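**Q** The structure file input-v5.cif (mmCIF, N, CA and C atoms) is provided below.
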data_my_file
loop_
_atom_site.group_PDB
_atom_site.id
_atom_site.type_symbol
_atom_site.label_atom_id
_atom_site.label_comp_id
_atom_site.auth_asym_id
_atom_site.auth_seq_id
_atom_site.Cartn_x
_atom_site.Cartn_y
_atom_site.Cartn_z
ATOM 1 N N MET P 1 -7.860 -8.389 12.496
ATOM 2 C CA MET P 1 -6.969 -9.483 12.152
ATOM 3 C C MET P 1 -5.626 -8.997 11.606
ATOM 4 N N THR P 2 -5.477 -7.724 11.328
ATOM 5 C CA THR P 2 -4.216 -7.243 10.766
ATOM 6 C C THR P 2 -3.100 -7.199 11.808
ATOM 7 N N ASP P 3 -3.425 -7.395 13.091
ATOM 8 C CA ASP P 3 -2.399 -7.362 14.140
ATOM 9 C C ASP P 3 -1.376 -8.475 13.965
ATOM 10 N N ASN P 4 -1.793 -9.595 13.409
ATOM 11 C CA ASN P 4 -0.914 -10.746 13.274
ATOM 12 C C ASN P 4 -0.280 -10.853 11.890
ATOM 13 N N LEU P 5 -0.349 -9.786 11.093
ATOM 14 C CA LEU P 5 0.234 -9.809 9.755
ATOM 15 C C LEU P 5 1.593 -9.124 9.765
ATOM 16 N N GLU P 6 2.573 -9.784 9.161
ATOM 17 C CA GLU P 6 3.921 -9.249 9.060
ATOM 18 C C GLU P 6 4.268 -9.075 7.586
ATOM 19 N N GLN P 7 4.750 -7.893 7.202
ATOM 20 C CA GLN P 7 5.101 -7.650 5.810
ATOM 21 C C GLN P 7 6.327 -8.466 5.424
ATOM 22 N N VAL P 8 6.189 -9.231 4.329
ATOM 23 C CA VAL P 8 7.270 -10.091 3.852
ATOM 24 C C VAL P 8 8.009 -9.430 2.691
ATOM 25 N N SER P 9 7.254 -8.827 1.764
ATOM 26 C CA SER P 9 7.900 -8.161 0.636
ATOM 27 C C SER P 9 7.065 -6.985 0.161
ATOM 28 N N ARG P 10 7.742 -6.046 -0.527
ATOM 29 C CA ARG P 10 7.103 -4.852 -1.082
ATOM 30 C C ARG P 10 7.795 -4.588 -2.410
ATOM 31 N N VAL P 11 7.072 -4.793 -3.514
ATOM 32 C CA VAL P 11 7.640 -4.688 -4.850
ATOM 33 C C VAL P 11 7.036 -3.484 -5.576
ATOM 34 N N TYR P 12 7.902 -2.597 -6.069
ATOM 35 C CA TYR P 12 7.469 -1.414 -6.810
ATOM 36 C C TYR P 12 6.846 -1.846 -8.134
ATOM 37 N N LEU P 13 5.690 -1.245 -8.477
ATOM 38 C CA LEU P 13 5.027 -1.554 -9.742
ATOM 39 C C LEU P 13 5.113 -0.398 -10.737
ATOM 40 N N VAL P 14 4.626 0.799 -10.344
ATOM 41 C CA VAL P 14 4.528 1.914 -11.280
ATOM 42 C C VAL P 14 4.249 3.201 -10.499
ATOM 43 N N THR P 15 4.475 4.349 -11.143
ATOM 44 C CA THR P 15 4.088 5.640 -10.578
ATOM 45 C C THR P 15 2.946 6.197 -11.412
ATOM 46 N N VAL P 16 1.881 6.660 -10.754
ATOM 47 C CA VAL P 16 0.706 7.188 -11.438
ATOM 48 C C VAL P 16 0.318 8.529 -10.823
ATOM 49 N N THR P 17 -0.516 9.273 -11.531
ATOM 50 C CA THR P 17 -1.044 10.540 -11.040
ATOM 51 C C THR P 17 -2.458 10.305 -10.540
ATOM 52 N N GLY P 18 -2.811 10.945 -9.434
ATOM 53 C CA GLY P 18 -4.161 10.808 -8.908
ATOM 54 C C GLY P 18 -4.446 11.867 -7.864
ATOM 55 N N TYR P 19 -5.686 11.878 -7.390
ATOM 56 C CA TYR P 19 -6.113 12.838 -6.375
ATOM 57 C C TYR P 19 -5.917 12.223 -4.995
ATOM 58 N N CYS P 20 -5.191 12.901 -4.137
ATOM 59 C CA CYS P 20 -4.934 12.416 -2.784
ATOM 60 C C CYS P 20 -6.014 12.943 -1.845
ATOM 61 N N ARG P 21 -6.699 12.046 -1.157
ATOM 62 C CA ARG P 21 -7.736 12.448 -0.203
ATOM 63 C C ARG P 21 -7.136 13.099 1.038
ATOM 64 N N SER P 22 -5.874 12.826 1.309
ATOM 65 C CA SER P 22 -5.212 13.406 2.474
ATOM 66 C C SER P 22 -4.683 14.805 2.155
ATOM 67 N N CYS P 23 -3.954 14.940 1.040
ATOM 68 C CA CYS P 23 -3.400 16.240 0.619
ATOM 69 C C CYS P 23 -4.476 17.158 0.044
ATOM 70 N N ARG P 24 -5.508 16.543 -0.506
ATOM 71 C CA ARG P 24 -6.570 17.249 -1.244
ATOM 72 C C ARG P 24 -6.010 17.983 -2.453
ATOM 73 N N GLU P 25 -5.045 17.329 -3.095
ATOM 74 C CA GLU P 25 -4.419 17.849 -4.310
ATOM 75 C C GLU P 25 -4.111 16.680 -5.238
ATOM 76 N N THR P 26 -3.851 16.997 -6.502
ATOM 77 C CA THR P 26 -3.387 15.987 -7.443
ATOM 78 C C THR P 26 -1.914 15.725 -7.148
ATOM 79 N N GLU P 27 -1.566 14.474 -6.962
ATOM 80 C CA GLU P 27 -0.209 14.094 -6.584
ATOM 81 C C GLU P 27 0.245 12.883 -7.397
ATOM 82 N N LEU P 28 1.522 12.556 -7.291
ATOM 83 C CA LEU P 28 2.067 11.326 -7.847
ATOM 84 C C LEU P 28 1.977 10.240 -6.785
ATOM 85 N N PHE P 29 1.626 9.038 -7.214
ATOM 86 C CA PHE P 29 1.519 7.895 -6.313
ATOM 87 C C PHE P 29 2.422 6.780 -6.806
ATOM 88 N N ASP P 30 3.177 6.184 -5.898
ATOM 89 C CA ASP P 30 3.943 4.978 -6.204
ATOM 90 C C ASP P 30 3.078 3.793 -5.808
ATOM 91 N N ARG P 31 2.918 2.853 -6.745
ATOM 92 C CA ARG P 31 2.139 1.648 -6.451
ATOM 93 C C ARG P 31 3.077 0.485 -6.164
ATOM 94 N N PHE P 32 2.706 -0.297 -5.158
ATOM 95 C CA PHE P 32 3.486 -1.443 -4.725
ATOM 96 C C PHE P 32 2.594 -2.661 -4.566
ATOM 97 N N ARG P 33 3.143 -3.840 -4.822
ATOM 98 C CA ARG P 33 2.472 -5.099 -4.479
ATOM 99 C C ARG P 33 3.089 -5.542 -3.163
ATOM 100 N N VAL P 34 2.234 -5.668 -2.137
ATOM 101 C CA VAL P 34 2.690 -5.988 -0.785
ATOM 102 C C VAL P 34 2.237 -7.400 -0.425
ATOM 103 N N THR P 35 3.175 -8.206 0.044
ATOM 104 C CA THR P 35 2.861 -9.552 0.513
ATOM 105 C C THR P 35 3.053 -9.583 2.023
ATOM 106 N N LYS P 36 2.013 -10.042 2.715
ATOM 107 C CA LYS P 36 2.070 -10.152 4.171
ATOM 108 C C LYS P 36 1.820 -11.598 4.564
ATOM 109 N N LYS P 37 2.429 -12.003 5.671
ATOM 110 C CA LYS P 37 2.286 -13.362 6.169
ATOM 111 C C LYS P 37 1.679 -13.311 7.567
ATOM 112 N N HIS P 38 0.661 -14.148 7.797
ATOM 113 C CA HIS P 38 0.040 -14.238 9.108
ATOM 114 C C HIS P 38 0.984 -14.994 10.028
ATOM 115 N N THR P 39 1.347 -14.376 11.152
ATOM 116 C CA THR P 39 2.365 -14.951 12.030
ATOM 117 C C THR P 39 1.915 -16.231 12.722
ATOM 118 N N ILE P 40 0.616 -16.459 12.853
ATOM 119 C CA ILE P 40 0.120 -17.651 13.543
ATOM 120 C C ILE P 40 -0.195 -18.779 12.567
ATOM 121 N N THR P 41 -0.964 -18.466 11.514
ATOM 122 C CA THR P 41 -1.401 -19.510 10.583
ATOM 123 C C THR P 41 -0.425 -19.754 9.441
ATOM 124 N N GLY P 42 0.431 -18.769 9.130
ATOM 125 C CA GLY P 42 1.369 -18.913 8.031
ATOM 126 C C GLY P 42 0.783 -18.592 6.672
ATOM 127 N N GLU P 43 -0.503 -18.229 6.620
ATOM 128 C CA GLU P 43 -1.136 -17.883 5.348
ATOM 129 C C GLU P 43 -0.595 -16.551 4.843
ATOM 130 N N THR P 44 -0.511 -16.403 3.515
ATOM 131 C CA THR P 44 -0.036 -15.151 2.923
ATOM 132 C C THR P 44 -1.194 -14.377 2.323
ATOM 133 N N GLU P 45 -1.045 -13.065 2.319
ATOM 134 C CA GLU P 45 -2.049 -12.159 1.766
ATOM 135 C C GLU P 45 -1.323 -11.176 0.861
ATOM 136 N N VAL P 46 -1.814 -11.001 -0.363
ATOM 137 C CA VAL P 46 -1.198 -10.087 -1.316
ATOM 138 C C VAL P 46 -2.176 -8.950 -1.595
ATOM 139 N N SER P 47 -1.676 -7.720 -1.541
ATOM 140 C CA SER P 47 -2.511 -6.560 -1.837
ATOM 141 C C SER P 47 -1.692 -5.545 -2.626
ATOM 142 N N THR P 48 -2.394 -4.599 -3.238
ATOM 143 C CA THR P 48 -1.748 -3.512 -3.961
ATOM 144 C C THR P 48 -2.035 -2.224 -3.212
ATOM 145 N N VAL P 49 -0.989 -1.442 -2.964
ATOM 146 C CA VAL P 49 -1.150 -0.174 -2.255
ATOM 147 C C VAL P 49 -0.567 0.954 -3.091
ATOM 148 N N ALA P 50 -1.095 2.157 -2.870
ATOM 149 C CA ALA P 50 -0.577 3.369 -3.500
ATOM 150 C C ALA P 50 -0.100 4.284 -2.390
ATOM 151 N N VAL P 51 1.095 4.847 -2.550
ATOM 152 C CA VAL P 51 1.676 5.743 -1.554
ATOM 153 C C VAL P 51 1.836 7.121 -2.193
ATOM 154 N N CYS P 52 1.204 8.124 -1.582
ATOM 155 C CA CYS P 52 1.280 9.492 -2.076
ATOM 156 C C CYS P 52 2.688 10.026 -1.873
ATOM 157 N N GLN P 53 3.272 10.625 -2.920
ATOM 158 C CA GLN P 53 4.604 11.200 -2.803
ATOM 159 C C GLN P 53 4.574 12.533 -2.040
ATOM 160 N N GLY P 54 3.404 13.151 -1.927
ATOM 161 C CA GLY P 54 3.298 14.424 -1.221
ATOM 162 C C GLY P 54 3.271 14.263 0.280
ATOM 163 N N CYS P 55 2.364 13.406 0.777
ATOM 164 C CA CYS P 55 2.202 13.264 2.231
ATOM 165 C C CYS P 55 2.602 11.883 2.754
ATOM 166 N N GLU P 56 2.962 10.977 1.850
ATOM 167 C CA GLU P 56 3.385 9.612 2.187
ATOM 168 C C GLU P 56 2.267 8.766 2.797
ATOM 169 N N GLN P 57 1.014 9.206 2.649
ATOM 170 C CA GLN P 57 -0.130 8.422 3.109
ATOM 171 C C GLN P 57 -0.273 7.196 2.206
ATOM 172 N N GLU P 58 -0.577 6.053 2.794
ATOM 173 C CA GLU P 58 -0.703 4.796 2.045
ATOM 174 C C GLU P 58 -2.166 4.414 1.937
ATOM 175 N N PHE P 59 -2.613 4.085 0.702
ATOM 176 C CA PHE P 59 -3.987 3.690 0.449
ATOM 177 C C PHE P 59 -3.992 2.302 -0.193
ATOM 178 N N GLU P 60 -4.856 1.415 0.315
ATOM 179 C CA GLU P 60 -4.987 0.096 -0.303
ATOM 180 C C GLU P 60 -5.910 0.218 -1.508
ATOM 181 N N ILE P 61 -5.534 -0.445 -2.597
ATOM 182 C CA ILE P 61 -6.305 -0.408 -3.837
ATOM 183 C C ILE P 61 -7.113 -1.694 -3.935
ATOM 184 N N ALA P 62 -8.394 -1.559 -4.171
ATOM 185 C CA ALA P 62 -9.270 -2.741 -4.254
ATOM 186 C C ALA P 62 -9.048 -3.550 -5.485
#
In structure tokens, write the structure found in this file.
**A**
Amino acid sequence: MTDNLEQVSRVYLVTVTGYCRSCRETELFDRFRVTKKHTITGETEVSTVAVCQGCEQEFEIA
């Protein structure tokens, strides 16, 4: 279902330290609140993601 989601906004929250599963090292992560809108139904979905500053891999936070 993510094919029909379009990112509407991305708001910076904080920078934290954590272990990156991609880099396999301790890295800094920028956390963002991401709002996406479904292009067909118009419903919005809000999630929090962390982006590794080392490899730029994005992880969704539950």
**Q** For Glu58 of chain P, which residue out of P:Asn4, P:Val14, P:Ser9, P:Cys20 is the nearest one, using only C-alpha atoms?
**A**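 Counting only C-alpha atoms, the residue closest to Glu58 of chain P is P:Cys20.
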**Q** For atom CA of Thr15 of chain P and atom CA of Gln57 of chain P, determine how far apart the two atoms are, in Å to one decimal place.
**A**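 Between atom CA of Thr15 of chain P and atom CA of Gln57 of chain P the gap works out to 14.6 Å.
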**Q** Could you write out as a list in words the residues that the PyMOL selection byres (((chain P and resi 33-42 and name CA) around 7) and name CA) matches in the shown file?
**A**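 That selection, the PyMOL selection byres (((chain P and resi 33-42 and name CA) around 7) and name CA), comes back as Asn4, Leu5, Glu6, Gln7, Val8, Ser9, Arg10, Val11, Tyr12, Leu13, Phe32, Glu43, Thr44, Glu45, Val46, Ser47, Thr48 and Val49 of chain P.
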**Q** Measure the distance from atom C of Glu56 of chain P to atom C of Asp3 of chain P in Å and round it to one decimal.
**A**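 These two atoms are separated by 20.9 Å.
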**Q** Just how far from atom CA of Ala62 of chain P is atom CA of Cys23 of chain P, in Å to one decimal?
**A**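 Straight-line distance from atom CA of Cys23 of chain P to atom CA of Ala62 of chain P works out to 20.5 Å.
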**Q** List as a PyMOL selection string the protein and nucleic acid residues near Phe29 of chain P, meaning an atom at most 6.5 Å away when only N, CA and C atoms are counted, but skip any in the same chain fewer than 4 places from it.
**A** chain P and resi 14-18+50-53
**Q** Can you tell me, as a VMD selection string, which residues in chain P count as strand (DSSP E or B) by DSSP?
**A** chain P and resid 5 to 20 25 to 38 44 to 52 58 to 61
**Q** Filtering to N, CA and C atoms, could you give me those residues as a compact mmCIF listing (two decimals), in the coordinates of the input?
**A**
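The result, stored in result.txt:
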# COMPACT_ATOMS: atom_id res chain seq x y z
N LEU P 5 -0.35 -9.79 11.09
CA LEU P 5 0.23 -9.81 9.76
C LEU P 5 1.59 -9.12 9.76
N GLU P 6 2.57 -9.78 9.16
CA GLU P 6 3.92 -9.25 9.06
C GLU P 6 4.27 -9.07 7.59
N GLN P 7 4.75 -7.89 7.20
CA GLN P 7 5.10 -7.65 5.81
C GLN P 7 6.33 -8.47 5.42
N VAL P 8 6.19 -9.23 4.33
CA VAL P 8 7.27 -10.09 3.85
C VAL P 8 8.01 -9.43 2.69
N SER P 9 7.25 -8.83 1.76
CA SER P 9 7.90 -8.16 0.64
C SER P 9 7.06 -6.98 0.16
N ARG P 10 7.74 -6.05 -0.53
CA ARG P 10 7.10 -4.85 -1.08
C ARG P 10 7.80 -4.59 -2.41
N VAL P 11 7.07 -4.79 -3.51
CA VAL P 11 7.64 -4.69 -4.85
C VAL P 11 7.04 -3.48 -5.58
N TYR P 12 7.90 -2.60 -6.07
CA TYR P 12 7.47 -1.41 -6.81
C TYR P 12 6.85 -1.85 -8.13
N LEU P 13 5.69 -1.25 -8.48
CA LEU P 13 5.03 -1.55 -9.74
C LEU P 13 5.11 -0.40 -10.74
N VAL P 14 4.63 0.80 -10.34
CA VAL P 14 4.53 1.91 -11.28
C VAL P 14 4.25 3.20 -10.50
N THR P 15 4.47 4.35 -11.14
CA THR P 15 4.09 5.64 -10.58
C THR P 15 2.95 6.20 -11.41
N VAL P 16 1.88 6.66 -10.75
CA VAL P 16 0.71 7.19 -11.44
C VAL P 16 0.32 8.53 -10.82
N THR P 17 -0.52 9.27 -11.53
CA THR P 17 -1.04 10.54 -11.04
C THR P 17 -2.46 10.30 -10.54
N GLY P 18 -2.81 10.94 -9.43
CA GLY P 18 -4.16 10.81 -8.91
C GLY P 18 -4.45 11.87 -7.86
N TYR P 19 -5.69 11.88 -7.39
CA TYR P 19 -6.11 12.84 -6.38
C TYR P 19 -5.92 12.22 -5.00
N CYS P 20 -5.19 12.90 -4.14
CA CYS P 20 -4.93 12.42 -2.78
C CYS P 20 -6.01 12.94 -1.84
N GLU P 25 -5.04 17.33 -3.10
CA GLU P 25 -4.42 17.85 -4.31
C GLU P 25 -4.11 16.68 -5.24
N THR P 26 -3.85 17.00 -6.50
CA THR P 26 -3.39 15.99 -7.44
C THR P 26 -1.91 15.72 -7.15
N GLU P 27 -1.57 14.47 -6.96
CA GLU P 27 -0.21 14.09 -6.58
C GLU P 27 0.24 12.88 -7.40
N LEU P 28 1.52 12.56 -7.29
CA LEU P 28 2.07 11.33 -7.85
C LEU P 28 1.98 10.24 -6.78
N PHE P 29 1.63 9.04 -7.21
CA PHE P 29 1.52 7.90 -6.31
C PHE P 29 2.42 6.78 -6.81
N ASP P 30 3.18 6.18 -5.90
CA ASP P 30 3.94 4.98 -6.20
C ASP P 30 3.08 3.79 -5.81
N ARG P 31 2.92 2.85 -6.74
CA ARG P 31 2.14 1.65 -6.45
C ARG P 31 3.08 0.48 -6.16
N PHE P 32 2.71 -0.30 -5.16
CA PHE P 32 3.49 -1.44 -4.72
C PHE P 32 2.59 -2.66 -4.57
N ARG P 33 3.14 -3.84 -4.82
CA ARG P 33 2.47 -5.10 -4.48
C ARG P 33 3.09 -5.54 -3.16
N VAL P 34 2.23 -5.67 -2.14
CA VAL P 34 2.69 -5.99 -0.78
C VAL P 34 2.24 -7.40 -0.42
N THR P 35 3.18 -8.21 0.04
CA THR P 35 2.86 -9.55 0.51
C THR P 35 3.05 -9.58 2.02
N LYS P 36 2.01 -10.04 2.72
CA LYS P 36 2.07 -10.15 4.17
C LYS P 36 1.82 -11.60 4.56
N LYS P 37 2.43 -12.00 5.67
CA LYS P 37 2.29 -13.36 6.17
C LYS P 37 1.68 -13.31 7.57
N HIS P 38 0.66 -14.15 7.80
CA HIS P 38 0.04 -14.24 9.11
C HIS P 38 0.98 -14.99 10.03
N THR P 44 -0.51 -16.40 3.52
CA THR P 44 -0.04 -15.15 2.92
C THR P 44 -1.19 -14.38 2.32
N GLU P 45 -1.04 -13.06 2.32
CA GLU P 45 -2.05 -12.16 1.77
C GLU P 45 -1.32 -11.18 0.86
N VAL P 46 -1.81 -11.00 -0.36
CA VAL P 46 -1.20 -10.09 -1.32
C VAL P 46 -2.18 -8.95 -1.60
N SER P 47 -1.68 -7.72 -1.54
CA SER P 47 -2.51 -6.56 -1.84
C SER P 47 -1.69 -5.54 -2.63
N THR P 48 -2.39 -4.60 -3.24
CA THR P 48 -1.75 -3.51 -3.96
C THR P 48 -2.04 -2.22 -3.21
N VAL P 49 -0.99 -1.44 -2.96
CA VAL P 49 -1.15 -0.17 -2.26
C VAL P 49 -0.57 0.95 -3.09
N ALA P 50 -1.10 2.16 -2.87
CA ALA P 50 -0.58 3.37 -3.50
C ALA P 50 -0.10 4.28 -2.39
N VAL P 51 1.10 4.85 -2.55
CA VAL P 51 1.68 5.74 -1.55
C VAL P 51 1.84 7.12 -2.19
N CYS P 52 1.20 8.12 -1.58
CA CYS P 52 1.28 9.49 -2.08
C CYS P 52 2.69 10.03 -1.87
N GLU P 58 -0.58 6.05 2.79
CA GLU P 58 -0.70 4.80 2.04
C GLU P 58 -2.17 4.41 1.94
N PHE P 59 -2.61 4.08 0.70
CA PHE P 59 -3.99 3.69 0.45
C PHE P 59 -3.99 2.30 -0.19
N GLU P 60 -4.86 1.42 0.32
CA GLU P 60 -4.99 0.10 -0.30
C GLU P 60 -5.91 0.22 -1.51
N ILE P 61 -5.53 -0.44 -2.60
CA ILE P 61 -6.30 -0.41 -3.84
C ILE P 61 -7.11 -1.69 -3.94
**Q** Box time for segment 20-26 of chain P: axis-aligned, enclosing all its listed atoms, 3 Å extra on each side; report centre and edge lengths in Å to one decimal, as JSON.
**A**
{"center_x": -4.8, "center_y": 15.0, "center_z": -2.5, "size_x": 11.8, "size_y": 11.9, "size_z": 15.9}
**Q** Some atoms are absent from segment 37-48 of chain P, so rebuild all heavy atoms and return them as a CSV table (one decimal), in the coordinates of the input.
**A**
chain,number,residue,atom,x,y,z
P,37,LYS,N,2.4,-12.0,5.7
P,37,LYS,CA,2.3,-13.4,6.2
P,37,LYS,C,1.7,-13.3,7.6
P,37,LYS,O,2.1,-12.5,8.4
P,37,LYS,CB,3.6,-14.1,6.2
P,37,LYS,CG,3.6,-15.5,6.6
P,37,LYS,CD,5.0,-16.1,6.5
P,37,LYS,CE,4.9,-17.6,6.9
P,37,LYS,NZ,6.2,-18.2,6.8
P,38,HIS,N,0.7,-14.1,7.8
P,38,HIS,CA,0.0,-14.2,9.1
P,38,HIS,C,1.0,-15.0,10.0
P,38,HIS,O,1.4,-16.1,9.7
P,38,HIS,CB,-1.3,-15.0,9.0
P,38,HIS,CG,-2.2,-14.8,10.2
P,38,HIS,ND1,-2.0,-15.6,11.3
P,38,HIS,CD2,-3.2,-14.0,10.5
P,38,HIS,CE1,-2.8,-15.2,12.3
P,38,HIS,NE2,-3.6,-14.2,11.8
P,39,THR,N,1.3,-14.4,11.2
P,39,THR,CA,2.4,-15.0,12.0
P,39,THR,C,1.9,-16.2,12.7
P,39,THR,O,2.7,-17.0,13.1
P,39,THR,CB,2.8,-13.9,13.1
P,39,THR,OG1,1.6,-13.5,13.8
P,39,THR,CG2,3.5,-12.8,12.5
P,40,ILE,N,0.6,-16.5,12.9
P,40,ILE,CA,0.1,-17.7,13.5
P,40,ILE,C,-0.2,-18.8,12.6
P,40,ILE,O,0.3,-19.9,12.7
P,40,ILE,CB,-1.1,-17.3,14.4
P,40,ILE,CG1,-0.7,-16.3,15.5
P,40,ILE,CG2,-1.7,-18.6,15.0
P,40,ILE,CD1,-1.9,-15.7,16.3
P,41,THR,N,-1.0,-18.5,11.5
P,41,THR,CA,-1.4,-19.5,10.6
P,41,THR,C,-0.4,-19.8,9.4
P,41,THR,O,-0.5,-20.8,8.8
P,41,THR,CB,-2.8,-19.2,10.0
P,41,THR,OG1,-2.6,-18.0,9.2
P,41,THR,CG2,-3.8,-19.0,11.0
P,42,GLY,N,0.4,-18.8,9.1
P,42,GLY,CA,1.4,-18.9,8.0
P,42,GLY,C,0.8,-18.6,6.7
P,42,GLY,O,1.5,-18.7,5.7
P,43,GLU,N,-0.5,-18.2,6.6
P,43,GLU,CA,-1.1,-17.9,5.3
P,43,GLU,C,-0.6,-16.6,4.8
P,43,GLU,O,-0.3,-15.7,5.6
P,43,GLU,CB,-2.6,-17.8,5.5
P,43,GLU,CG,-3.3,-19.1,5.8
P,43,GLU,CD,-4.8,-18.9,6.0
P,43,GLU,OE1,-5.4,-17.9,5.6
P,43,GLU,OE2,-5.4,-19.9,6.5
P,44,THR,N,-0.5,-16.4,3.5
P,44,THR,CA,0.0,-15.2,2.9
P,44,THR,C,-1.2,-14.4,2.3
P,44,THR,O,-2.2,-15.0,1.9
P,44,THR,CB,1.0,-15.4,1.9
P,44,THR,OG1,0.5,-16.2,0.8
P,44,THR,CG2,2.3,-16.0,2.4
P,45,GLU,N,-1.0,-13.1,2.3
P,45,GLU,CA,-2.0,-12.2,1.8
P,45,GLU,C,-1.3,-11.2,0.9
P,45,GLU,O,-0.3,-10.6,1.3
P,45,GLU,CB,-2.7,-11.4,2.9
P,45,GLU,CG,-3.7,-10.4,2.5
P,45,GLU,CD,-4.3,-9.7,3.7
P,45,GLU,OE1,-4.9,-10.4,4.6
P,45,GLU,OE2,-4.2,-8.4,3.8
P,46,VAL,N,-1.8,-11.0,-0.4
P,46,VAL,CA,-1.2,-10.1,-1.3
P,46,VAL,C,-2.2,-9.0,-1.6
P,46,VAL,O,-3.4,-9.2,-1.8
P,46,VAL,CB,-0.8,-10.8,-2.6
P,46,VAL,CG1,-0.2,-9.8,-3.6
P,46,VAL,CG2,0.1,-11.9,-2.4
P,47,SER,N,-1.7,-7.7,-1.5
P,47,SER,CA,-2.5,-6.6,-1.8
P,47,SER,C,-1.7,-5.5,-2.6
P,47,SER,O,-0.5,-5.6,-2.7
P,47,SER,CB,-3.0,-5.9,-0.5
P,47,SER,OG,-2.0,-5.5,0.3
P,48,THR,N,-2.4,-4.6,-3.2
P,48,THR,CA,-1.7,-3.5,-4.0
P,48,THR,C,-2.0,-2.2,-3.2
P,48,THR,O,-3.2,-2.0,-2.8
P,48,THR,CB,-2.3,-3.4,-5.4
P,48,THR,OG1,-2.1,-4.7,-6.0
P,48,THR,CG2,-1.5,-2.4,-6.2
